[in-house]
Amino acid sequence: MNIISRRSALRLIALATTVLSAGALTPVSAQERTSVKIGYALSLTGPNAGGTGITTLPNYQLWVKEVNDAGGLEMPDGKRLPIEVVEYDDRSSAEELVRALQRLATQDEVDFILPPWSTGYNLAAAPMFDRYGYPHLAATSVTDKAPEFVKRWKKSFWLLGGGHDYTSALAKVLVDASDKGVINKKVAMISIADGFGIDLVTAARPSFQEAGIEVVYDKTYPVGTTDFTPMINEAKASGADTFIAFSYPPETFALTQQVQVADFNPKVLYFGVGTAFPIYAKNNGDAITGIMGIGGIDATSEKVADYRQRHEAATGKAPDYWASVITYASLEILQEAIKRKGLDREAVSEEIATGTFQTVLGETKLEDNQLRDLWWAGQWQNGQFVSIAPADRPGASQPIIPRPERK
Amino acid sequence: MLTTTIISGLVLGGTYALIAMGLTLQYGIARIMNLSYGEMIIAAAFLAYVLFGQWGVNPVLGLLVAVPLGFAFGYLVYGLMLRPLVARAASRESLEIDSILVTFGLLFVIQGAMLVAFGSNYTSYNYLNVGIDVFGAVIAANRLVALGLAVVAGGALYLLFTYTLWGTALRAVAVSPRSAPLVGIDVNRAARFAFAIGCGLAAAGGVVISTYQTFTATAGVVFTMKALVVVIMGGVGNILGALSAGLILGLVETFVATYLDPGLTLAATYLIFLAVLLWRPAGLFGRSSR
Amino acid sequence: MTLKSFGSVLFFLVVLAALAFLPFYAGEYVVTLMIGMTGYVVLATAWALFSGPTRYISLATVAFFGIGAYTVSVLSETLPYVLVLLAAALVGLVVALVVGLATLRLAGVYFVIFSFGLAELVRQLVTWYEVNITGTLGRYIFLPVTSDGIYWQLLALAAATLLFSWAIGRSRLGLALKVIGDDEVVASHCGINIAGVKLALFSVSAVIITLVGAIQAPRWTYIEPSMVFNPTTSFLTLIMALLGGVDRLWGPLLGAIPLFLLFEWLSANFPNHYPIILGLIFIAIVFVLPNGVLAAAERIFSKRRGVTVPAANQGGAL
């Protein structure tokens, strides 16, 4: 016990000296530097590789390419330092992720670490970012507990809202429509028995209850389900005008096809993650018009349209319509904060928390370390997944309810 | 409701049966526990995707490309990688372990190659996604193709195995690899063919599955596991066993999803599987001694 | 105790002590690395403890590993840490006994598949329970356990496991196991309670594996079934143990260490081609080192001394 406490005291002193000297020496070391080391550990293989490959990795690549093409990251003194990337594969394992992050921080001593993909992995990563004093811009983490996390991990930033935000926005869309007499107040919903689906469905139940919406069918299905005929039949028989699936991409795709096969045409169709993927539109063509989902983009924004073009040109694939643009914006925030404060992580974190930034999203400012100006629901209209909620935010499109009948 | 459940259960089961038949041949006759089986399925799915997306070849025609390719691949893999292991194996157990290890390596090689070639994205396309009315139940045409193919392939293989000399030789190898040479059967050749046919079936399964299911380069293990469960339930090396076990599994899943709770389908799958194993350790159609 | 065995005990203790003091002179990353490595050493050794003598290839490793992690996540807020670990071990033991009683009569590949199915079943049941009863899937673990603390616990567990494995090898039980492994019929004729011995071994191995999961869990802060019931864990454990050779005390350890370091090196240097290289290495291992590293080393060693190892010894990897 004695040894341990002495050790931790020693470590505290060491840490304090490092922090102090880092703060004092930053300008000097910045001049000696020839590059900025940016590290990340992503799930390049394993079950998480799918999501990582759509939302996270391409944006990191795009950003690094753009920054380096422009000569590098701009420092406060106007000098540009190219980015040197240190990349690890966590093989979709939390233990590997934690280890890779420690390696980035203590072995490679990178200047900044970019976060992993998904809610769970960002949570697993948060203590590591915190311990080594790196700002953590969690752009793909949906959690209602962000306000608590911000207190626990001071340099963590939560940019994608919580499940409750999404479901209460959805409830509002439905209530507005039923107030107009377009749909009844009954909802049939299914959800995947995995992290995100559960978060959403547990948030949805109270959201709907508050809004006076009756949930007439509410079932959960396991990961890997491919045949939704039983559930679609039940939903069809339930008399609800709204069918909601808090699903993962494979099931979202399967459901989209299977509602067509079953000739199931509820007035509102809302599918979980995956609706915002470009491949979703590519595969299903016109059939998806009117389908709602999480996210959406501001269809009126030229910046977003330009970003989408650059993304496709640089990585060969279109970004998704939800977290991609947020991920990119988080990198822009980091870039700008570095430009203002240099490579001092303490100051950069402070700047991210308090500064105002011009990003692809427009003027962006975090409140209590969270990004709250988000699009909570979107709908496919004219080949774009446009945002429909919050309806009063500039750039929102009008929801089309009931969704147009398929030909 | 009941007919709908039964029919969609059978259709789902058809998919399971289709992917399980190749594995049961490989394990039953060639004695290779092929852990890379699912990756072969996915590889064929990607092939169908490329054929359809790039050249507009419809997946049913794609079968004509994929199945021979799968067969050739299996033939090569057996000759190059597995044959030496069979030759040096001192016992059935040591071959089992070696084949698990080697095909586990192969799993990573195939998966890695697909990741490099196609990335890790979700992949899917639309083909024959129209509802067809079967006794009052609406079923997607592409799934019916899968069921049809499973029944045709299963039936053809069964006939082949039961009524041709060549098929009898293969069965002899399955039953008793040590005594088969005594009656003039070339065990090595038989095993090589069985393994190659298995890969051909995997390719067929992959092409058909790609028409209605989203896949990723890393999704192979799911198919391997489902196929293994079906193979073990049906009895190793037993084509009809695989067919019926696949259908049973499909029915169970659909019934549980409809009448119990969709959340328990997978748990039910494994419970049934365990029950069958405990009740008949050699599978529904297996002989009790191996 | 002969001089030689006294020497090896001394060596063991010195190495153990050196490892225990590692956090004081090595960097944090080394400690992290050692956590992962020690974790796999324990897993592989515990796996071989059961699978080596009985020749059952178990893929249930991750089922117990996950049970351990989950128990910690459930109880970490309500019980003191030591009791949490005890509870995890107990849960692991109970599950192992139930499963063992039901399944140890399965043979060969049936057991392989069953054990894999078990991991999936446990995962599905946990998921179902969390979804329907508690309404959340992820659980948070906020325990004040440092990396160093986790490392020491794992190291202690590793030492205990090796010691246990060594003790079994020298006991009557070990002899019984050898007989069972060679020929079950002979064993039963000798009056060995085969089922009991297997069950005992399975349970001990499962409890150790459960503890590894329980000890490592606080590192991840957040736990959900897909994270802790990751089938790769089972496969890696099996490969490591087989690479080293399961018939020898040090085999699994000597398989786990190089493979672990290799994976680490690969994921750092070839993140995009990692699976291909890994796969090729696997295949190469099977062809070049069919009976594990130790057996190969012994063969080379004995050749140099002009002694031939009896062929039977090299017969099967398992």
# chains A, B, ... in the order shown; residues from 1 in each chain; ligands from 1

call {"tool": "interface_residues", "arguments": {"of": "chain B", "to": "chain C", "cutoff": "6 Å", "atoms": "only C-alpha atoms", "output": "NGL selection string"}}
result
:B and (94 or 102 or 105-106 or 108-109 or 112 or 267)

call {"tool": "interface_residues", "arguments": {"of": "chain C", "to": "chain A", "cutoff": "7 Å", "atoms": "only C-alpha atoms", "output": "JSON, numbers by chain"}}
result
{"C": [28, 29, 32, 127, 131, 135, 136, 137, 138, 220, 221, 222, 227, 267, 268, 271, 272]}

call {"tool": "write_last_selection", "arguments": {"atoms": "N, CA and C atoms", "output": "tab-separated table (two decimals), in the first residue's frame"}}
result
chain	number	residue	atom	x	y	z
C	28	GLU	N	4.20	2.13	-19.30
C	28	GLU	CA	2.80	1.73	-19.21
C	28	GLU	C	2.39	0.79	-20.33
C	29	TYR	N	2.95	1.07	-21.49
C	29	TYR	CA	2.57	0.24	-22.62
C	29	TYR	C	3.00	-1.21	-22.41
C	32	THR	N	0.48	-2.83	-20.25
C	32	THR	CA	-0.69	-3.14	-21.05
C	32	THR	C	-0.48	-4.40	-21.88
C	127	THR	N	-28.38	-11.46	-23.58
C	127	THR	CA	-28.99	-10.38	-24.35
C	127	THR	C	-30.49	-10.33	-24.10
C	131	VAL	N	-32.47	-7.23	-22.43
C	131	VAL	CA	-33.45	-6.50	-23.22
C	131	VAL	C	-34.81	-6.51	-22.54
C	135	GLY	N	-33.84	-3.81	-19.62
C	135	GLY	CA	-34.12	-2.75	-20.57
C	135	GLY	C	-32.92	-1.99	-21.08
C	136	THR	N	-31.73	-2.37	-20.67
C	136	THR	CA	-30.54	-1.77	-21.27
C	136	THR	C	-29.62	-2.90	-21.65
C	137	LEU	N	-28.80	-2.65	-22.62
C	137	LEU	CA	-27.89	-3.72	-22.99
C	137	LEU	C	-26.52	-3.50	-22.39
C	138	GLY	N	-26.00	-2.30	-22.57
C	138	GLY	CA	-24.65	-2.05	-22.09
C	138	GLY	C	-24.64	-1.86	-20.59
C	220	TRP	N	-12.45	-2.12	-19.66
C	220	TRP	CA	-13.22	-1.68	-20.83
C	220	TRP	C	-14.30	-0.67	-20.47
C	221	THR	N	-14.53	-0.46	-19.16
C	221	THR	CA	-15.50	0.54	-18.71
C	221	THR	C	-16.93	0.21	-19.10
C	222	TYR	N	-17.09	-0.21	-20.34
C	222	TYR	CA	-18.43	-0.44	-20.84
C	222	TYR	C	-18.47	-1.84	-21.43
C	227	MET	N	-19.28	-7.52	-27.14
C	227	MET	CA	-17.88	-7.25	-26.82
C	227	MET	C	-17.25	-8.39	-26.03
C	267	SER	N	-0.87	-6.17	-36.24
C	267	SER	CA	-1.94	-5.19	-36.27
C	267	SER	C	-1.36	-3.78	-36.30
C	268	ALA	N	-0.12	-3.63	-35.82
C	268	ALA	CA	0.50	-2.31	-35.86
C	268	ALA	C	1.14	-2.03	-37.23
C	271	PRO	N	-1.96	-3.12	-40.69
C	271	PRO	CA	-3.37	-3.14	-40.26
C	271	PRO	C	-4.32	-3.61	-41.35
C	272	ASN	N	-3.98	-3.34	-42.60
C	272	ASN	CA	-4.93	-3.70	-43.66
C	272	ASN	C	-4.75	-5.11	-44.20

call {"tool": "interface_residues", "arguments": {"of": "chain A", "to": "chain B", "cutoff": "9 Å", "atoms": "only C-alpha atoms", "output": "MDAnalysis selection string"}}
result
chainID A and resid 44:54 192:193 219:231 233:234 249:251 253:254 257:258 260:263 279:280 282:284

call {"tool": "residues_around", "arguments": {"residues": "stretch 338-354 of chain A", "least_positions_apart": "6", "cutoff": "8 Å", "atoms": "only C-alpha atoms", "output": "VMD selection string"}}
result
chain A and resid 22 to 23 26 30 73 to 76 78 111 to 112 133 to 135 155 157 365 to 369

call {"tool": "write_last_selection", "arguments": {"atoms": "C-alpha atoms", "output": "tab-separated table (two decimals), in the first residue's frame"}}
result
chain	number	residue	atom	x	y	z
A	22	ALA	CA	4.70	20.73	-22.23
A	23	GLY	CA	2.73	23.90	-21.72
A	26	THR	CA	5.11	24.04	-26.80
A	30	ALA	CA	6.55	23.18	-32.42
A	73	LEU	CA	-2.09	21.46	-40.11
A	74	GLU	CA	-1.79	25.15	-39.52
A	75	MET	CA	-0.18	26.16	-36.23
A	76	PRO	CA	-0.85	29.38	-34.32
A	78	GLY	CA	0.99	30.26	-39.35
A	111	ASP	CA	-0.16	14.42	-30.59
A	112	PHE	CA	-3.83	13.65	-31.01
A	133	GLY	CA	-5.16	13.85	-21.44
A	134	TYR	CA	-6.28	13.63	-25.05
A	135	PRO	CA	-9.42	15.41	-26.25
A	155	LYS	CA	-12.01	16.25	-22.20
A	157	PHE	CA	-17.09	15.55	-26.30
A	365	LYS	CA	-20.54	25.50	-30.89
A	366	LEU	CA	-20.64	22.80	-28.24
A	367	GLU	CA	-22.88	23.12	-25.20
A	368	ASP	CA	-21.60	21.39	-22.09
A	369	ASN	CA	-19.19	19.41	-24.30

call {"tool": "residues_around", "arguments": {"residues": "C:Pro252", "least_positions_apart": "3", "cutoff": "10 Å", "atoms": "only C-alpha atoms", "output": "PyMOL selection string"}}
result
chain C and resi 40-49+52+237-249+255-257+292-294

call {"tool": "closest_atom_pairs", "arguments": {"of": "stretch 136-255 of chain C", "to": "stretch 79-101 of chain C", "cutoff": "9 Å", "atoms": "only C-alpha atoms", "output": "Markdown table"}}
result
| residue | atom | partner | partner_atom | distance |
| --- | --- | --- | --- | --- |
| C:Leu143 | CA | C:Tyr81 | CA | 8.3 |
| C:Ala195 | CA | C:Leu101 | CA | 8.3 |
| C:Lys198 | CA | C:Gly100 | CA | 8.2 |
| C:Leu199 | CA | C:Gly100 | CA | 5.7 |
| C:Ala200 | CA | C:Leu97 | CA | 8.3 |
| C:Phe202 | CA | C:Ala96 | CA | 6.9 |
| C:Ser203 | CA | C:Ala96 | CA | 5.2 |
| C:Val204 | CA | C:Leu93 | CA | 7.6 |
| C:Ser205 | CA | C:Ala96 | CA | 9.0 |
| C:Ala206 | CA | C:Ala96 | CA | 6.2 |
| C:Val207 | CA | C:Gly92 | CA | 5.3 |
| C:Ile208 | CA | C:Ala89 | CA | 7.6 |
| C:Ile209 | CA | C:Gly92 | CA | 8.4 |
| C:Thr210 | CA | C:Gly92 | CA | 5.7 |
| C:Leu211 | CA | C:Ala89 | CA | 6.0 |
| C:Ala214 | CA | C:Leu85 | CA | 6.5 |
| C:Ile215 | CA | C:Leu85 | CA | 7.5 |

call {"tool": "select_by_dssp", "arguments": {"residues": "stretch 143-174 of chain C", "states": "alpha helix (DSSP H)", "output": "compact mmCIF listing (two decimals) with N, CA and C atoms, in the first residue's frame"}}
result
# COMPACT_ATOMS: atom_id res chain seq x y z
N SER C 147 -4.36 -0.43 -14.19
CA SER C 147 -3.73 -1.40 -15.06
C SER C 147 -2.78 -2.29 -14.28
N ASP C 148 -2.00 -1.67 -13.43
CA ASP C 148 -1.04 -2.44 -12.65
C ASP C 148 -1.76 -3.48 -11.80
N GLY C 149 -2.87 -3.05 -11.21
CA GLY C 149 -3.63 -3.98 -10.37
C GLY C 149 -4.12 -5.16 -11.17
N ILE C 150 -4.64 -4.89 -12.35
CA ILE C 150 -5.14 -5.96 -13.20
C ILE C 150 -3.99 -6.89 -13.58
N TYR C 151 -2.87 -6.29 -13.89
CA TYR C 151 -1.70 -7.09 -14.27
C TYR C 151 -1.28 -8.02 -13.14
N TRP C 152 -1.22 -7.50 -11.93
CA TRP C 152 -0.81 -8.35 -10.81
C TRP C 152 -1.80 -9.48 -10.57
N GLN C 153 -3.06 -9.16 -10.67
CA GLN C 153 -4.05 -10.22 -10.48
C GLN C 153 -3.89 -11.31 -11.53
N LEU C 154 -3.71 -10.88 -12.78
CA LEU C 154 -3.57 -11.87 -13.84
C LEU C 154 -2.31 -12.70 -13.64
N LEU C 155 -1.25 -12.02 -13.21
CA LEU C 155 0.01 -12.72 -12.99
C LEU C 155 -0.17 -13.77 -11.90
N ALA C 156 -0.83 -13.37 -10.83
CA ALA C 156 -1.07 -14.32 -9.74
C ALA C 156 -1.89 -15.50 -10.24
N LEU C 157 -2.90 -15.18 -11.04
CA LEU C 157 -3.75 -16.25 -11.58
C LEU C 157 -2.94 -17.16 -12.48
N ALA C 158 -2.06 -16.57 -13.29
CA ALA C 158 -1.22 -17.36 -14.18
C ALA C 158 -0.35 -18.31 -13.37
N ALA C 159 0.28 -17.76 -12.32
CA ALA C 159 1.14 -18.59 -11.48
C ALA C 159 0.34 -19.73 -10.85
N ALA C 160 -0.84 -19.37 -10.34
CA ALA C 160 -1.68 -20.39 -9.70
C ALA C 160 -2.08 -21.47 -10.70
N THR C 161 -2.44 -21.04 -11.91
CA THR C 161 -2.86 -22.00 -12.91
C THR C 161 -1.73 -22.96 -13.28
N LEU C 162 -0.56 -22.38 -13.50
CA LEU C 162 0.59 -23.22 -13.84
C LEU C 162 0.91 -24.19 -12.71
N LEU C 163 0.86 -23.67 -11.50
CA LEU C 163 1.15 -24.50 -10.34
C LEU C 163 0.15 -25.65 -10.25
N PHE C 164 -1.10 -25.30 -10.46
CA PHE C 164 -2.17 -26.29 -10.39
C PHE C 164 -1.97 -27.35 -11.46
N SER C 165 -1.68 -26.86 -12.66
CA SER C 165 -1.47 -27.76 -13.78
C SER C 165 -0.31 -28.72 -13.48
N TRP C 166 0.75 -28.17 -12.89
CA TRP C 166 1.93 -28.95 -12.54
C TRP C 166 1.57 -29.99 -11.48
N ALA C 167 0.80 -29.53 -10.48
CA ALA C 167 0.44 -30.43 -9.39
C ALA C 167 -0.41 -31.58 -9.91
N ILE C 168 -1.33 -31.27 -10.79
CA ILE C 168 -2.18 -32.32 -11.34
C ILE C 168 -1.35 -33.35 -12.08
N GLY C 169 -0.39 -32.83 -12.86
CA GLY C 169 0.46 -33.73 -13.63
C GLY C 169 1.18 -34.74 -12.75
N ARG C 170 1.44 -34.39 -11.50
CA ARG C 170 2.19 -35.28 -10.62
C ARG C 170 1.29 -36.09 -9.70
N ARG C 172 -2.26 -38.43 -8.55
CA ARG C 172 -2.99 -39.62 -9.01
C ARG C 172 -3.97 -39.22 -10.10
N LEU C 173 -4.56 -38.03 -9.90
CA LEU C 173 -5.53 -37.53 -10.87
C LEU C 173 -4.89 -37.41 -12.24
N GLY C 174 -3.65 -36.92 -12.23
CA GLY C 174 -2.95 -36.76 -13.50
C GLY C 174 -2.75 -38.10 -14.19

call {"tool": "atom_distance", "arguments": {"atom1": "atom CA of A:Leu374", "atom2": "atom CA of A:Val150"}}
result
18.3 Å

call {"tool": "residues_around", "arguments": {"residues": "C:Leu177", "least_positions_apart": "4", "cutoff": "8 Å", "atoms": "only C-alpha atoms", "output": "list in words"}}
result
Pro53, Thr54, Leu173, Gly181 and Val197 of chain C

call {"tool": "residues_around", "arguments": {"residues": "stretch 37-43 of chain B", "least_positions_apart": "6", "cutoff": "10 Å", "atoms": "only C-alpha atoms", "output": "ChimeraX atom specification"}}
result
/B:19-20,22-23,26,49,66,70,73-74,103-104,106-111,113-114,198-210,215-228

call {"tool": "residues_around", "arguments": {"residues": "A:Pro402", "least_positions_apart": "2", "cutoff": "12 Å", "atoms": "only C-alpha atoms", "output": "number ranges by chain"}}
result
A: 173-174, 177-178, 180-184, 241-242, 265-269, 289-292, 379, 399-400, 404-406

call {"tool": "decode", "arguments": {"residues": "stretch 384-396 of chain A", "atoms": "C-alpha atoms", "output": "compact mmCIF listing (two decimals), in the first residue's frame"}}
result
# COMPACT_ATOMS: atom_id res chain seq x y z
CA GLN A 384 -31.70 12.47 -50.93
CA PHE A 385 -32.04 11.62 -47.27
CA VAL A 386 -33.19 15.01 -46.04
CA SER A 387 -33.71 16.12 -42.49
CA ILE A 388 -37.26 16.59 -41.22
CA ALA A 389 -36.78 17.08 -37.49
CA PRO A 390 -36.45 19.36 -35.63
CA ALA A 391 -38.92 21.01 -37.98
CA ASP A 392 -38.18 24.53 -36.73
CA ARG A 393 -34.45 24.41 -37.41
CA PRO A 394 -33.44 26.27 -40.59
CA GLY A 395 -32.79 23.82 -43.40
CA ALA A 396 -35.44 21.30 -42.37
